[in-house]
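Visitor: The file below is my_file.csv, CSV, C-alpha atoms and all ligand atoms:
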```csv
chain,number,residue,atom,x,y,z
A,1,MET,CA,-28.5,51.8,53.7
A,2,LYS,CA,-26.0,49.6,51.8
A,3,LEU,CA,-24.2,50.6,48.7
A,4,LEU,CA,-23.8,47.6,46.4
A,5,ASN,CA,-21.7,47.3,43.2
A,6,LEU,CA,-22.2,45.2,40.1
A,7,ASN,CA,-19.2,44.3,37.9
A,8,ILE,CA,-19.4,43.0,34.4
A,9,SER,CA,-16.6,41.5,32.4
A,10,PHE,CA,-16.6,41.5,28.6
A,11,GLU,CA,-14.0,40.9,25.9
A,12,GLN,CA,-12.8,43.6,23.6
A,13,TYR,CA,-11.2,42.9,20.2
A,14,ALA,CA,-9.6,45.3,17.8
A,15,GLY,CA,-11.3,43.5,14.9
A,16,ILE,CA,-13.0,40.3,13.8
A,17,ASP,CA,-9.7,38.8,12.8
A,18,GLU,CA,-8.9,38.4,16.5
A,19,LEU,CA,-12.0,36.4,17.1
A,20,ALA,CA,-12.3,32.6,17.2
A,21,GLU,CA,-13.4,31.2,13.8
A,22,ASN,CA,-17.1,30.6,14.7
A,23,ASP,CA,-17.5,34.1,16.2
A,24,ARG,CA,-15.9,35.7,13.2
A,25,LEU,CA,-18.3,33.7,11.0
A,26,LEU,CA,-21.2,34.9,13.0
A,27,CYS,CA,-20.1,38.5,12.6
A,28,GLU,CA,-19.8,38.0,8.9
A,29,ASN,CA,-23.3,36.6,8.8
A,30,ALA,CA,-24.6,39.6,10.8
A,31,GLU,CA,-23.0,41.8,8.1
A,32,GLN,CA,-24.8,39.8,5.4
A,33,ALA,CA,-28.1,40.3,7.2
A,34,LEU,CA,-27.7,44.1,6.7
A,35,ALA,CA,-28.8,43.5,3.1
A,36,THR,CA,-32.4,42.7,4.0
A,37,SER,CA,-32.8,45.6,6.4
A,38,TYR,CA,-35.9,47.6,5.6
A,39,SER,CA,-35.1,51.0,7.0
A,40,PRO,CA,-36.3,53.7,4.6
A,41,TYR,CA,-37.1,56.0,7.5
A,42,SER,CA,-34.0,55.9,9.7
A,43,LYS,CA,-31.6,54.8,6.9
A,44,PHE,CA,-30.0,52.8,9.7
A,45,LYS,CA,-29.4,49.2,8.9
A,46,VAL,CA,-29.0,46.6,11.7
A,47,GLY,CA,-28.1,43.0,11.1
A,48,THR,CA,-28.2,40.1,13.5
A,49,ALA,CA,-27.0,36.5,13.2
A,50,ILE,CA,-27.8,33.9,15.8
A,51,ARG,CA,-26.0,30.6,16.2
A,52,LEU,CA,-28.0,27.7,17.6
A,53,ALA,CA,-26.5,24.8,19.5
A,54,THR,CA,-27.0,22.7,16.4
A,55,GLY,CA,-24.7,25.1,14.5
A,56,GLN,CA,-27.5,26.5,12.4
A,57,ILE,CA,-27.4,30.3,11.9
A,58,VAL,CA,-30.5,32.4,11.8
A,59,LEU,CA,-30.5,35.9,10.4
A,60,GLY,CA,-32.6,39.0,11.2
A,61,SER,CA,-32.6,42.6,10.2
A,62,ASN,CA,-34.5,45.7,11.3
A,63,GLN,CA,-37.9,46.1,9.7
A,64,GLU,CA,-39.4,49.5,9.8
A,65,ASN,CA,-42.9,50.8,9.0
A,66,LEU,CA,-44.5,54.1,8.1
A,67,ALA,CA,-46.3,53.8,11.4
A,68,TYR,CA,-42.9,54.0,13.2
A,69,PRO,CA,-43.7,52.0,16.4
A,70,SER,CA,-44.9,49.1,14.3
A,71,GLY,CA,-41.3,48.4,13.1
A,72,LEU,CA,-39.1,45.9,14.9
A,73,CYS,CA,-35.3,45.8,15.7
A,74,ALA,CA,-33.1,43.2,14.0
A,75,GLU,CA,-32.4,41.3,17.2
A,76,ARG,CA,-36.1,40.7,17.9
A,77,VAL,CA,-36.8,39.8,14.3
A,78,ALA,CA,-34.2,37.1,14.6
A,79,LEU,CA,-35.1,35.9,18.1
A,80,PHE,CA,-38.9,35.8,17.4
A,81,THR,CA,-38.2,33.9,14.1
A,82,ILE,CA,-36.5,31.2,16.2
A,83,GLY,CA,-39.3,31.3,18.8
A,84,ALA,CA,-41.9,30.9,16.1
A,85,ASN,CA,-40.2,28.2,14.1
A,86,GLN,CA,-37.9,26.3,16.5
A,87,PRO,CA,-39.3,27.0,19.9
A,88,ASP,CA,-37.1,24.4,21.6
A,89,ALA,CA,-33.9,25.5,19.9
A,90,VAL,CA,-31.0,26.5,22.2
A,91,ILE,CA,-29.2,29.7,21.3
A,92,GLU,CA,-25.4,29.7,21.8
A,93,SER,CA,-24.5,33.2,20.7
A,94,MET,CA,-25.6,36.2,18.6
A,95,ALA,CA,-23.8,38.9,16.7
A,96,ILE,CA,-25.1,42.4,15.9
A,97,THR,CA,-23.8,45.0,13.5
A,98,ALA,CA,-25.0,48.2,11.9
A,99,HIS,CA,-24.4,50.4,8.9
A,100,THR,CA,-25.7,53.7,7.6
A,101,ASP,CA,-24.7,55.8,4.7
A,102,THR,CA,-25.5,58.9,6.7
A,103,PHE,CA,-22.5,58.9,9.0
A,104,GLU,CA,-19.6,56.7,10.0
A,105,ILE,CA,-20.2,54.2,12.8
A,106,THR,CA,-16.9,54.0,14.7
A,107,LYS,CA,-17.9,51.9,17.7
A,108,PRO,CA,-20.0,48.7,18.1
A,109,VAL,CA,-23.7,49.5,18.2
A,110,THR,CA,-25.2,48.0,21.3
A,111,SER,CA,-28.8,46.7,21.6
A,112,CYS,CA,-31.8,48.7,22.9
A,113,GLY,CA,-33.5,47.9,26.2
A,114,GLY,CA,-36.5,46.2,24.5
A,115,CYS,CA,-34.2,43.8,22.7
A,116,LEU,CA,-32.2,43.1,25.9
A,117,GLN,CA,-35.4,42.3,27.7
A,118,VAL,CA,-36.3,39.8,25.0
A,119,MET,CA,-32.8,38.3,24.9
A,120,ALA,CA,-33.0,38.0,28.7
A,121,GLU,CA,-36.2,35.9,28.5
A,122,PHE,CA,-34.8,33.6,25.8
A,123,GLU,CA,-31.7,33.1,28.1
A,124,ARG,CA,-33.9,32.4,31.1
A,125,LYS,CA,-36.1,30.0,29.2
A,126,GLN,CA,-33.2,27.9,27.9
A,127,LYS,CA,-31.3,28.1,31.2
A,128,THR,CA,-27.9,28.5,29.5
A,129,PRO,CA,-26.1,31.7,28.7
A,130,ILE,CA,-26.3,33.5,25.4
A,131,ALA,CA,-23.1,35.2,24.4
A,132,VAL,CA,-23.7,38.6,22.7
A,133,ILE,CA,-21.2,40.0,20.2
A,134,PHE,CA,-21.4,43.7,19.1
A,135,TYR,CA,-19.4,44.2,15.9
A,136,CYS,CA,-18.4,47.6,14.4
A,137,LEU,CA,-17.9,46.9,10.7
A,138,ASN,CA,-14.1,46.8,10.0
A,139,GLY,CA,-13.5,47.8,13.6
A,140,GLU,CA,-13.8,47.0,17.3
A,141,VAL,CA,-15.8,44.0,18.6
A,142,LEU,CA,-17.2,43.5,22.1
A,143,LYS,CA,-18.2,40.1,23.4
A,144,VAL,CA,-20.4,39.8,26.5
A,145,PRO,CA,-20.6,36.2,27.9
A,146,SER,CA,-24.3,36.4,29.0
A,147,VAL,CA,-27.4,38.6,28.6
A,148,LYS,CA,-27.4,38.8,32.4
A,149,SER,CA,-24.4,41.1,32.2
A,150,LEU,CA,-26.2,43.5,29.9
A,151,LEU,CA,-29.4,43.6,31.8
A,152,PRO,CA,-28.8,42.5,35.4
A,153,PHE,CA,-32.2,43.9,36.5
A,154,SER,CA,-34.4,42.6,33.8
A,155,PHE,CA,-38.1,42.1,34.6
A,156,VAL,CA,-38.5,38.7,36.3
A,157,GLU,CA,-41.8,37.7,37.8
A,158,ASP,CA,-42.1,33.9,38.0
A,159,ARG,CA,-45.7,34.1,39.4
A,160,LEU,CA,-47.0,35.3,36.0
A,161,GLU,CA,-46.0,31.9,34.5
A,162,ARG,CA,-48.5,30.1,36.8
A,201,LIG,N1,-32.5,49.1,15.9
A,201,LIG,C1,-32.3,47.8,15.9
A,201,LIG,O1,-32.5,47.1,14.9
A,201,LIG,N2,-31.7,47.2,17.0
A,201,LIG,C2,-31.5,48.0,18.2
A,201,LIG,O2,-31.1,47.4,19.2
A,201,LIG,C3,-31.7,49.4,18.2
A,201,LIG,C4,-32.2,50.0,17.0
A,201,LIG,C5,-33.1,49.7,14.7
A,201,LIG,C6,-34.6,50.2,14.9
A,201,LIG,C7,-34.7,51.2,13.7
A,201,LIG,O3,-35.1,50.5,12.6
A,201,LIG,C8,-33.3,51.7,13.5
A,201,LIG,O4,-32.4,50.8,14.2
A,201,LIG,C9,-33.0,53.1,14.1
A,201,LIG,O5,-33.4,53.2,15.4
```
Transcribe the structure of this file into structure tokens.
Ligand code: THU

Guide:
Amino acid sequence: MKLLNLNISFEQYAGIDELAENDRLLCENAEQALATSYSPYSKFKVGTAIRLATGQIVLGSNQENLAYPSGLCAERVALFTIGANQPDAVIESMAITAHTDTFEITKPVTSCGGCLQVMAEFERKQKTPIAVIFYCLNGEVLKVPSVKSLLPFSFVEDRLER
């Protein structure tokens, strides 16, 4: 038996003012995306902004449904929008933020496993890292350089592609 360790490095900022201009702008866009969240059941709004290599920014927000599992997270709404409309686009970075009137969110909200799996496949397909920024409104920001750091053991089965 061998005991192995994985290390991940990520950046922590006290607020978006500490970010480089393009990352700050991406966080502000994620915040704007909260406005289109359809979340009457959880009352938990999630907004995502994705920057493409061309500089274009694509937004997404969580979309719920009375049949709960039919809803979709903000990250996947934004990613699949790109997949469906610009399948060859290269994603540079994405920012995620959340808001609810029900309680105060004091730390960045990190993505669910299903969204990480989808991010991992976009990253694998384009063969360049996607930086992920988790932004707590008016608070701390975490920036991870690659989806690989968030989901090092994502499902990979190359033989399914043949
Ligand atoms: N949600 C997201 O949009 N992204 C995540 O990564 C986790 C959760 C949404 C789904 C649901 O509409 C609400 O947050 C509460 O779970």

Visitor: I want to know what sits within 8 Å of Thr97 of chain A, based on only C-alpha atoms, with residues of the same chain fewer than 5 positions away left out; could you give that as an mmCIF file with C-alpha atoms, in the coordinates of the input?

Guide:
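The file below, selection.cif, is the result:
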```cif
data_model
loop_
_atom_site.group_PDB
_atom_site.id
_atom_site.type_symbol
_atom_site.label_atom_id
_atom_site.label_comp_id
_atom_site.auth_asym_id
_atom_site.auth_seq_id
_atom_site.Cartn_x
_atom_site.Cartn_y
_atom_site.Cartn_z
ATOM 1 C CA CYS A 27 -20.100 38.500 12.600
ATOM 2 C CA ALA A 30 -24.600 39.600 10.800
ATOM 3 C CA GLU A 31 -23.000 41.800 8.100
ATOM 4 C CA LEU A 34 -27.700 44.100 6.700
ATOM 5 C CA VAL A 46 -29.000 46.600 11.700
ATOM 6 C CA GLY A 47 -28.100 43.000 11.100
ATOM 7 C CA THR A 48 -28.200 40.100 13.500
ATOM 8 C CA PRO A 108 -20.000 48.700 18.100
ATOM 9 C CA VAL A 109 -23.700 49.500 18.200
ATOM 10 C CA PHE A 134 -21.400 43.700 19.100
ATOM 11 C CA TYR A 135 -19.400 44.200 15.900
ATOM 12 C CA CYS A 136 -18.400 47.600 14.400
ATOM 13 C CA LEU A 137 -17.900 46.900 10.700
#
```

Visitor: Give as a short mmCIF file (atom, residue, chain, number, x, y, z; two decimals) with C-alpha atoms, in the coordinates of the input the residues surrounding ligand LIG 201 (chain A) up to a distance of 8 Å, considering all atoms listed in the file.

Guide:
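As written to disk, selection.cif reads:
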```
data_model
loop_
_atom_site.label_atom_id
_atom_site.label_comp_id
_atom_site.auth_asym_id
_atom_site.auth_seq_id
_atom_site.Cartn_x
_atom_site.Cartn_y
_atom_site.Cartn_z
CA TYR A 38 -35.90 47.60 5.60
CA SER A 39 -35.10 51.00 7.00
CA TYR A 41 -37.10 56.00 7.50
CA SER A 42 -34.00 55.90 9.70
CA LYS A 43 -31.60 54.80 6.90
CA PHE A 44 -30.00 52.80 9.70
CA LYS A 45 -29.40 49.20 8.90
CA VAL A 46 -29.00 46.60 11.70
CA GLY A 47 -28.10 43.00 11.10
CA SER A 61 -32.60 42.60 10.20
CA ASN A 62 -34.50 45.70 11.30
CA GLN A 63 -37.90 46.10 9.70
CA GLU A 64 -39.40 49.50 9.80
CA GLY A 71 -41.30 48.40 13.10
CA LEU A 72 -39.10 45.90 14.90
CA CYS A 73 -35.30 45.80 15.70
CA ALA A 74 -33.10 43.20 14.00
CA GLU A 75 -32.40 41.30 17.20
CA ARG A 76 -36.10 40.70 17.90
CA VAL A 109 -23.70 49.50 18.20
CA THR A 110 -25.20 48.00 21.30
CA SER A 111 -28.80 46.70 21.60
CA CYS A 112 -31.80 48.70 22.90
CA GLY A 113 -33.50 47.90 26.20
CA GLY A 114 -36.50 46.20 24.50
CA CYS A 115 -34.20 43.80 22.70
#
```

Visitor: Have a look at atom CA of Val144 of chain A and atom CA of Gly83 of chain A and let me know their distance in Å, one decimal.

Guide: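 Computed distance, atom CA of Val144 of chain A to atom CA of Gly83 of chain A, equals 22.1 Å.
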
Visitor: Record the distance separating atom CA of Lys143 of chain A and atom CA of Gln12 of chain A, expressed in Å with one decimal.

Guide: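 Computing it gives 6.4 Å between the two atoms.
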
Visitor: Between atom CA of Phe155 of chain A and atom CA of Gln117 of chain A, what distance in Å does the model show, to one decimal?

Guide: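 Computed distance, atom CA of Phe155 of chain A to atom CA of Gln117 of chain A, equals 7.4 Å.
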
Visitor: Pick the closest to Ala49 of chain A from A:Ser9, A:Thr36, A:Ser93, A:Gln86: which is it, counting all atoms listed in the file?

Guide: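 Checking each candidate against Ala49 of chain A, we get A:Ser93 as the closest.
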
Visitor: Using all atoms listed in the file, which protein or nucleic acid residues come within 9 Å of Ile57 of chain A? Drop anything in the same chain fewer than 6 positions from it, and give the result as a PyMOL selection string.

Guide: chain A and resi 26+29+49-51

Visitor: Counting all atoms listed in the file, which residue out of A:Ala33, A:Ala78, A:Ala53, A:Val90 sits closest to Val118 of chain A?

Guide: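 That would be A:Ala78, the residue with the smallest distance to Val118 of chain A.
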
Visitor: Around the point (-34.2, 33.2, 24.7) (coordinates from the file), which residues reach within 10 Å if we count all atoms listed in the file? Answer as a PyMOL selection string.

Guide: chain A and resi 79-80+82-83+87-92+117-130+147

Visitor: What lies within 12 Å of Glu11 of chain A using all atoms listed in the file, ignoring chain neighbours under 3 positions off, as an MDAnalysis selection string?

Guide: chainID A and resid 8 14:15 18:19 131:135 140:146

Visitor: Show which residues sit within 12 Å of Leu6 of chain A, as a list in words. Count only C-alpha atoms, and ignore same-chain residues fewer than 3 positions away.

Guide: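 Near Leu6 of chain A, the qualifying residues are Leu3, Ser9, Lys148, Ser149, Leu150, Leu151, Pro152 and Phe153 of chain A.
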
Visitor: I need the residue nearest Leu25 of chain A from this list: A:Phe10, A:Met1, A:Ala67, A:Ala95. Use only C-alpha atoms for the distance.

Guide: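 Ranking A:Phe10, A:Met1, A:Ala67, A:Ala95 by distance to Leu25 of chain A, first place goes to A:Ala95.
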
Visitor: With distances taken over all atoms listed in the file, which of A:Leu4, A:Ala35, A:Leu59, A:Ala20 is nearest to Met94 of chain A?

Guide: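 So, comparing all the options, the nearest one is A:Leu59.
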
Visitor: For segment 2-13 of chain A, supply all heavy atoms and report the output as a PDB file, keeping the file's coordinate frame.

Guide:
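selection-v6.pdb, written as the output of this step:
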```pdb
ATOM      1  N   LYS A   2     -27.234  50.264  52.269  1.00  0.00           N
ATOM      2  CA  LYS A   2     -26.000  49.600  51.800  1.00  0.00           C
ATOM      3  C   LYS A   2     -25.739  49.995  50.400  1.00  0.00           C
ATOM      4  O   LYS A   2     -26.682  50.062  49.594  1.00  0.00           O
ATOM      5  CB  LYS A   2     -26.236  48.065  51.843  1.00  0.00           C
ATOM      6  CG  LYS A   2     -25.835  47.407  53.121  1.00  0.00           C
ATOM      7  CD  LYS A   2     -25.551  45.929  52.903  1.00  0.00           C
ATOM      8  CE  LYS A   2     -26.853  45.141  52.861  1.00  0.00           C
ATOM      9  NZ  LYS A   2     -26.658  43.703  52.755  1.00  0.00           N
ATOM     10  N   LEU A   3     -24.516  50.274  50.066  1.00  0.00           N
ATOM     11  CA  LEU A   3     -24.200  50.600  48.700  1.00  0.00           C
ATOM     12  C   LEU A   3     -23.570  49.332  48.055  1.00  0.00           C
ATOM     13  O   LEU A   3     -22.559  48.811  48.524  1.00  0.00           O
ATOM     14  CB  LEU A   3     -23.163  51.741  48.633  1.00  0.00           C
ATOM     15  CG  LEU A   3     -22.743  52.196  47.245  1.00  0.00           C
ATOM     16  CD1 LEU A   3     -23.943  52.738  46.459  1.00  0.00           C
ATOM     17  CD2 LEU A   3     -21.665  53.257  47.337  1.00  0.00           C
ATOM     18  N   LEU A   4     -24.238  48.819  46.998  1.00  0.00           N
ATOM     19  CA  LEU A   4     -23.800  47.600  46.400  1.00  0.00           C
ATOM     20  C   LEU A   4     -23.217  47.920  44.981  1.00  0.00           C
ATOM     21  O   LEU A   4     -23.639  48.892  44.356  1.00  0.00           O
ATOM     22  CB  LEU A   4     -24.907  46.582  46.236  1.00  0.00           C
ATOM     23  CG  LEU A   4     -25.643  46.260  47.535  1.00  0.00           C
ATOM     24  CD1 LEU A   4     -26.798  45.306  47.274  1.00  0.00           C
ATOM     25  CD2 LEU A   4     -24.692  45.664  48.559  1.00  0.00           C
ATOM     26  N   ASN A   5     -22.299  47.094  44.516  1.00  0.00           N
ATOM     27  CA  ASN A   5     -21.700  47.300  43.200  1.00  0.00           C
ATOM     28  C   ASN A   5     -21.897  46.063  42.331  1.00  0.00           C
ATOM     29  O   ASN A   5     -21.805  44.954  42.834  1.00  0.00           O
ATOM     30  CB  ASN A   5     -20.229  47.597  43.294  1.00  0.00           C
ATOM     31  CG  ASN A   5     -19.976  48.996  43.753  1.00  0.00           C
ATOM     32  OD1 ASN A   5     -20.311  49.949  43.067  1.00  0.00           O
ATOM     33  ND2 ASN A   5     -19.405  49.124  44.940  1.00  0.00           N
ATOM     34  N   LEU A   6     -22.124  46.275  41.053  1.00  0.00           N
ATOM     35  CA  LEU A   6     -22.200  45.200  40.100  1.00  0.00           C
ATOM     36  C   LEU A   6     -20.992  45.334  39.159  1.00  0.00           C
ATOM     37  O   LEU A   6     -20.724  46.434  38.699  1.00  0.00           O
ATOM     38  CB  LEU A   6     -23.454  45.223  39.280  1.00  0.00           C
ATOM     39  CG  LEU A   6     -24.700  44.600  39.876  1.00  0.00           C
ATOM     40  CD1 LEU A   6     -25.896  44.920  38.994  1.00  0.00           C
ATOM     41  CD2 LEU A   6     -24.515  43.090  39.972  1.00  0.00           C
ATOM     42  N   ASN A   7     -20.336  44.234  38.885  1.00  0.00           N
ATOM     43  CA  ASN A   7     -19.200  44.300  37.900  1.00  0.00           C
ATOM     44  C   ASN A   7     -19.529  43.423  36.744  1.00  0.00           C
ATOM     45  O   ASN A   7     -20.017  42.307  36.902  1.00  0.00           O
ATOM     46  CB  ASN A   7     -18.002  43.614  38.640  1.00  0.00           C
ATOM     47  CG  ASN A   7     -16.928  44.624  38.895  1.00  0.00           C
ATOM     48  OD1 ASN A   7     -16.698  45.488  38.060  1.00  0.00           O
ATOM     49  ND2 ASN A   7     -16.296  44.517  40.043  1.00  0.00           N
ATOM     50  N   ILE A   8     -19.279  43.907  35.543  1.00  0.00           N
ATOM     51  CA  ILE A   8     -19.400  43.000  34.400  1.00  0.00           C
ATOM     52  C   ILE A   8     -18.092  42.906  33.660  1.00  0.00           C
ATOM     53  O   ILE A   8     -17.335  43.861  33.579  1.00  0.00           O
ATOM     54  CB  ILE A   8     -20.570  43.423  33.435  1.00  0.00           C
ATOM     55  CG1 ILE A   8     -20.219  44.658  32.621  1.00  0.00           C
ATOM     56  CG2 ILE A   8     -21.888  43.585  34.143  1.00  0.00           C
ATOM     57  CD1 ILE A   8     -21.003  44.739  31.327  1.00  0.00           C
ATOM     58  N   SER A   9     -17.833  41.713  33.156  1.00  0.00           N
ATOM     59  CA  SER A   9     -16.600  41.500  32.400  1.00  0.00           C
ATOM     60  C   SER A   9     -17.030  41.213  30.944  1.00  0.00           C
ATOM     61  O   SER A   9     -18.003  40.496  30.704  1.00  0.00           O
ATOM     62  CB  SER A   9     -15.846  40.287  32.874  1.00  0.00           C
ATOM     63  OG  SER A   9     -15.520  40.455  34.208  1.00  0.00           O
ATOM     64  N   PHE A  10     -16.312  41.785  30.007  1.00  0.00           N
ATOM     65  CA  PHE A  10     -16.600  41.500  28.600  1.00  0.00           C
ATOM     66  C   PHE A  10     -15.257  41.570  27.840  1.00  0.00           C
ATOM     67  O   PHE A  10     -14.287  42.174  28.310  1.00  0.00           O
ATOM     68  CB  PHE A  10     -17.654  42.368  28.011  1.00  0.00           C
ATOM     69  CG  PHE A  10     -17.380  43.841  28.107  1.00  0.00           C
ATOM     70  CD1 PHE A  10     -16.837  44.521  27.032  1.00  0.00           C
ATOM     71  CD2 PHE A  10     -17.675  44.541  29.259  1.00  0.00           C
ATOM     72  CE1 PHE A  10     -16.582  45.886  27.102  1.00  0.00           C
ATOM     73  CE2 PHE A  10     -17.424  45.908  29.351  1.00  0.00           C
ATOM     74  CZ  PHE A  10     -16.879  46.580  28.266  1.00  0.00           C
ATOM     75  N   GLU A  11     -15.249  40.940  26.676  1.00  0.00           N
ATOM     76  CA  GLU A  11     -14.000  40.900  25.900  1.00  0.00           C
ATOM     77  C   GLU A  11     -14.060  42.015  24.830  1.00  0.00           C
ATOM     78  O   GLU A  11     -15.122  42.295  24.268  1.00  0.00           O
ATOM     79  CB  GLU A  11     -13.889  39.542  25.203  1.00  0.00           C
ATOM     80  CG  GLU A  11     -13.784  38.408  26.214  1.00  0.00           C
ATOM     81  CD  GLU A  11     -14.037  37.027  25.599  1.00  0.00           C
ATOM     82  OE1 GLU A  11     -14.176  36.933  24.363  1.00  0.00           O
ATOM     83  OE2 GLU A  11     -14.118  36.065  26.375  1.00  0.00           O
ATOM     84  N   GLN A  12     -12.901  42.616  24.594  1.00  0.00           N
ATOM     85  CA  GLN A  12     -12.800  43.600  23.600  1.00  0.00           C
ATOM     86  C   GLN A  12     -11.731  43.199  22.548  1.00  0.00           C
ATOM     87  O   GLN A  12     -10.633  42.800  22.944  1.00  0.00           O
ATOM     88  CB  GLN A  12     -12.373  44.966  24.207  1.00  0.00           C
ATOM     89  CG  GLN A  12     -12.287  46.129  23.227  1.00  0.00           C
ATOM     90  CD  GLN A  12     -11.706  47.369  23.882  1.00  0.00           C
ATOM     91  OE1 GLN A  12     -10.786  47.289  24.682  1.00  0.00           O
ATOM     92  NE2 GLN A  12     -12.250  48.508  23.538  1.00  0.00           N
ATOM     93  N   TYR A  13     -12.096  43.258  21.277  1.00  0.00           N
ATOM     94  CA  TYR A  13     -11.200  42.900  20.200  1.00  0.00           C
ATOM     95  C   TYR A  13     -11.015  44.047  19.249  1.00  0.00           C
ATOM     96  O   TYR A  13     -11.978  44.783  19.007  1.00  0.00           O
ATOM     97  CB  TYR A  13     -11.725  41.670  19.415  1.00  0.00           C
ATOM     98  CG  TYR A  13     -11.957  40.435  20.256  1.00  0.00           C
ATOM     99  CD1 TYR A  13     -13.160  40.274  20.948  1.00  0.00           C
ATOM    100  CD2 TYR A  13     -10.992  39.441  20.362  1.00  0.00           C
ATOM    101  CE1 TYR A  13     -13.387  39.149  21.728  1.00  0.00           C
ATOM    102  CE2 TYR A  13     -11.217  38.307  21.140  1.00  0.00           C
ATOM    103  CZ  TYR A  13     -12.412  38.167  21.815  1.00  0.00           C
ATOM    104  OH  TYR A  13     -12.635  37.057  22.586  1.00  0.00           O
TER     105      TYR A  13
END
```
